[in-house]
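The block underneath contains the structure these notes are about, expressed in structure tokens.
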Amino acid sequence: SSPPPTTTPPSNAACTVKYTPASVWNNGFTADVTITNRGSSTINGWNLTYSLPAGQQVTNAWNATVTQSGSAVSARNVGWNGSIAPGGTANVGYQGTLNRAYSSPTSFSLNGIACSRA
């Protein structure tokens with residue numbers, strides 16, 4: 001008999017991202033981002049990347065080093081939160097400005113692998 005077929009889990013099985021706008025006002029916002037490791041091994045060192053909608057700019061961040069070029073955002077771990085155990089989380093927060101109606105990012109990648117939205 002032939003061996004059973006093998007399946008590769010989807011890339012987004014490794015992580016989920018919950019993005020929550022904590023506060024939104026006429027020209028700014030704050031957001032909370034929770035990364036959950038859905039994989040079976042510890043993530044050592046992480047970089048969460050995503051695109052902010054047009055008109056949004058990060059001005060201040062905590063629990064990560066956040067940089068932005070155009071709409072592309074990169075949030076890298078800081079020294080004390082670089083490891084995410086299986087089933088564990090890391091949290092990032094930031095404040096930003098906006099010049100149009102607020103909307104949340106729609107897709108995220110962790111270390112280059114797409115994450116699903118939580």
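FYI, nothing fancy with the structure tokens labels: chains A, B, ... in order, residues from 1 per chain, ligands from 1 as they appear.
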
Pick out each residue of region 65-116 of chain A that DSSP on the backbone tags as strand (DSSP E or B); I need them as a list of chain:residue names.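 Output for region 65-116 of chain A, strand (DSSP E or B) only: A:Thr65, A:Val66, A:Thr67, A:Gln68, A:Ser69, A:Ala72, A:Val73, A:Ser74, A:Ala75, A:Arg76, A:Ser83, A:Ile84, A:Thr89, A:Ala90, A:Asn91, A:Val92, A:Gly93, A:Tyr94, A:Gln95, A:Gly96, A:Thr97, A:Leu98, A:Phe108, A:Ser109, A:Leu110, A:Ile113, A:Ala114, A:Cys115, A:Ser116.
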
Output of the above residues as a CSV table (one decimal), in the first residue's frame, restricted to N, CA, C and O atoms:
chain,number,residue,atom,x,y,z
A,65,THR,N,10.7,48.1,19.1
A,65,THR,CA,11.3,49.1,18.3
A,65,THR,C,10.5,49.2,17.0
A,65,THR,O,10.6,48.3,16.2
A,66,VAL,N,9.8,50.3,16.8
A,66,VAL,CA,8.9,50.4,15.7
A,66,VAL,C,9.5,51.4,14.7
A,66,VAL,O,9.8,52.6,15.1
A,67,THR,N,9.6,51.0,13.5
A,67,THR,CA,10.0,52.0,12.4
A,67,THR,C,9.0,51.9,11.3
A,67,THR,O,8.3,50.9,11.1
A,68,GLN,N,8.9,53.0,10.6
A,68,GLN,CA,7.9,53.1,9.5
A,68,GLN,C,8.6,53.8,8.3
A,68,GLN,O,9.2,54.8,8.4
A,69,SER,N,8.4,53.2,7.1
A,69,SER,CA,8.8,53.8,5.8
A,69,SER,C,7.6,53.8,4.9
A,69,SER,O,7.2,52.7,4.5
A,72,ALA,N,4.8,51.0,5.3
A,72,ALA,CA,5.4,49.7,5.8
A,72,ALA,C,5.9,50.0,7.2
A,72,ALA,O,6.7,50.8,7.5
A,73,VAL,N,5.4,49.1,8.2
A,73,VAL,CA,5.8,49.2,9.6
A,73,VAL,C,6.5,47.9,9.9
A,73,VAL,O,6.2,46.8,9.5
A,74,SER,N,7.6,48.1,10.7
A,74,SER,CA,8.3,47.0,11.3
A,74,SER,C,8.4,47.2,12.8
A,74,SER,O,8.8,48.3,13.3
A,75,ALA,N,7.9,46.2,13.6
A,75,ALA,CA,8.0,46.2,15.0
A,75,ALA,C,8.9,45.1,15.5
A,75,ALA,O,8.5,43.9,15.3
A,76,ARG,N,10.1,45.4,16.0
A,76,ARG,CA,11.1,44.4,16.4
A,76,ARG,C,11.1,44.3,17.9
A,76,ARG,O,10.9,45.3,18.6
A,83,SER,N,11.8,36.4,23.3
A,83,SER,CA,11.3,35.0,23.1
A,83,SER,C,9.8,34.9,23.4
A,83,SER,O,9.3,35.5,24.3
A,84,ILE,N,9.2,34.2,22.5
A,84,ILE,CA,7.7,33.9,22.6
A,84,ILE,C,7.6,32.4,22.7
A,84,ILE,O,7.8,31.7,21.6
A,89,THR,N,2.6,34.9,24.3
A,89,THR,CA,2.3,36.1,23.6
A,89,THR,C,3.3,37.2,23.8
A,89,THR,O,4.1,37.1,24.8
A,90,ALA,N,3.4,38.1,22.9
A,90,ALA,CA,4.1,39.4,23.1
A,90,ALA,C,3.2,40.5,22.7
A,90,ALA,O,2.3,40.4,21.8
A,91,ASN,N,3.3,41.6,23.4
A,91,ASN,CA,2.4,42.7,23.2
A,91,ASN,C,3.2,44.0,22.8
A,91,ASN,O,4.3,44.2,23.3
A,92,VAL,N,2.7,44.7,21.8
A,92,VAL,CA,3.2,45.9,21.3
A,92,VAL,C,2.1,47.0,21.4
A,92,VAL,O,1.0,46.7,21.1
A,93,GLY,N,2.5,48.2,21.7
A,93,GLY,CA,1.6,49.3,21.7
A,93,GLY,C,2.2,50.5,21.0
A,93,GLY,O,3.4,50.6,21.0
A,94,TYR,N,1.3,51.3,20.4
A,94,TYR,CA,1.9,52.5,19.8
A,94,TYR,C,0.8,53.6,19.6
A,94,TYR,O,-0.4,53.3,19.7
A,95,GLN,N,1.3,54.8,19.5
A,95,GLN,CA,0.5,55.9,19.2
A,95,GLN,C,0.8,56.4,17.8
A,95,GLN,O,2.0,56.3,17.4
A,96,GLY,N,-0.2,56.9,17.1
A,96,GLY,CA,0.0,57.4,15.8
A,96,GLY,C,-0.9,58.6,15.5
A,96,GLY,O,-1.8,59.0,16.2
A,97,THR,N,-0.5,59.2,14.4
A,97,THR,CA,-1.4,60.3,13.8
A,97,THR,C,-2.1,59.8,12.6
A,97,THR,O,-1.7,58.9,12.0
A,98,LEU,N,-3.2,60.5,12.3
A,98,LEU,CA,-3.9,60.2,11.1
A,98,LEU,C,-4.5,61.4,10.5
A,98,LEU,O,-4.8,62.4,11.2
A,108,PHE,N,-0.6,40.7,8.5
A,108,PHE,CA,0.6,40.8,9.3
A,108,PHE,C,1.5,39.6,9.0
A,108,PHE,O,1.0,38.5,8.7
A,109,SER,N,2.8,39.8,9.1
A,109,SER,CA,3.8,38.8,9.0
A,109,SER,C,4.8,38.8,10.2
A,109,SER,O,5.1,39.9,10.6
A,110,LEU,N,5.1,37.6,10.6
A,110,LEU,CA,6.1,37.5,11.7
A,110,LEU,C,7.3,36.8,11.2
A,110,LEU,O,7.2,35.7,10.8
A,113,ILE,N,6.7,35.3,7.8
A,113,ILE,CA,5.7,34.3,7.6
A,113,ILE,C,4.3,34.9,8.0
A,113,ILE,O,4.2,35.5,9.0
A,114,ALA,N,3.4,34.8,7.1
A,114,ALA,CA,2.1,35.4,7.3
A,114,ALA,C,1.4,34.8,8.5
A,114,ALA,O,1.4,33.6,8.8
A,115,CYS,N,0.8,35.7,9.3
A,115,CYS,CA,0.0,35.4,10.5
A,115,CYS,C,-1.5,35.6,10.2
A,115,CYS,O,-1.9,36.4,9.4
A,116,SER,N,-2.3,34.8,10.9
A,116,SER,CA,-3.8,35.0,10.7
A,116,SER,C,-4.2,36.1,11.7
A,116,SER,O,-3.5,36.3,12.8

Could you pull out all residues of chain A with a DSSP call of helix (DSSP H, G or I) and give them as JSON, numbers by chain? {"A": [11, 12, 13, 14, 79, 80, 81]}

For CA of Leu48 (chain A) and CA of Ile35 (chain A), quote the distance in Å rounded to one decimal.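 One can read the CA of Leu48 (chain A) to CA of Ile35 (chain A) distance as 8.5 Å.
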
Using only C-alpha atoms, can you tell me which of A:Val58, A:Ile43, A:Ala22, A:Val17 comes closest to Asn111 (chain A)? A:Ile43

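Of the listed residues (A:Gly82, A:Pro53, A:Gly87, A:Gly70), A:Pro53 comes nearest to Thr106 (chain A); the distances count only C-alpha atoms.
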
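Each of A:Ser71, A:Asn81, A:Ser103, A:Thr20 was checked against Val33 (chain A) using only C-alpha atoms; the smallest atom-to-atom distance is that of A:Thr20.
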
Shortest interatomic distance to Gln57 (chain A) - which of A:Asn77, A:Gly88, A:Arg38, A:Gly28, counting only C-alpha atoms: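 For Gln57 (chain A), the nearest of the candidates is A:Gly28.
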
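For the set A:Ala118, A:Ala64, A:Pro86, A:Gln56, the residue with the smallest atom-to-atom gap to Asn27 (chain A) is A:Gln56, counting only C-alpha atoms.
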
Two-atom distance - CA of Gly45 (chain A), CA of Cys15 (chain A) (Å):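 Those two atoms sit 13.9 Å apart.
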
Figure out the distance between CA of Gly112 (chain A) and CA of Tyr19 (chain A), please, to one decimal in Å.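 These atoms are spaced 17.9 Å apart.
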
Would you please work out which residue, of A:Gly79, A:Ala85, A:Trp62, A:Thr16, is nearest to Thr42 (chain A) when using only C-alpha atoms?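 Using only C-alpha atoms, Thr42 (chain A) sits closest to A:Ala85.
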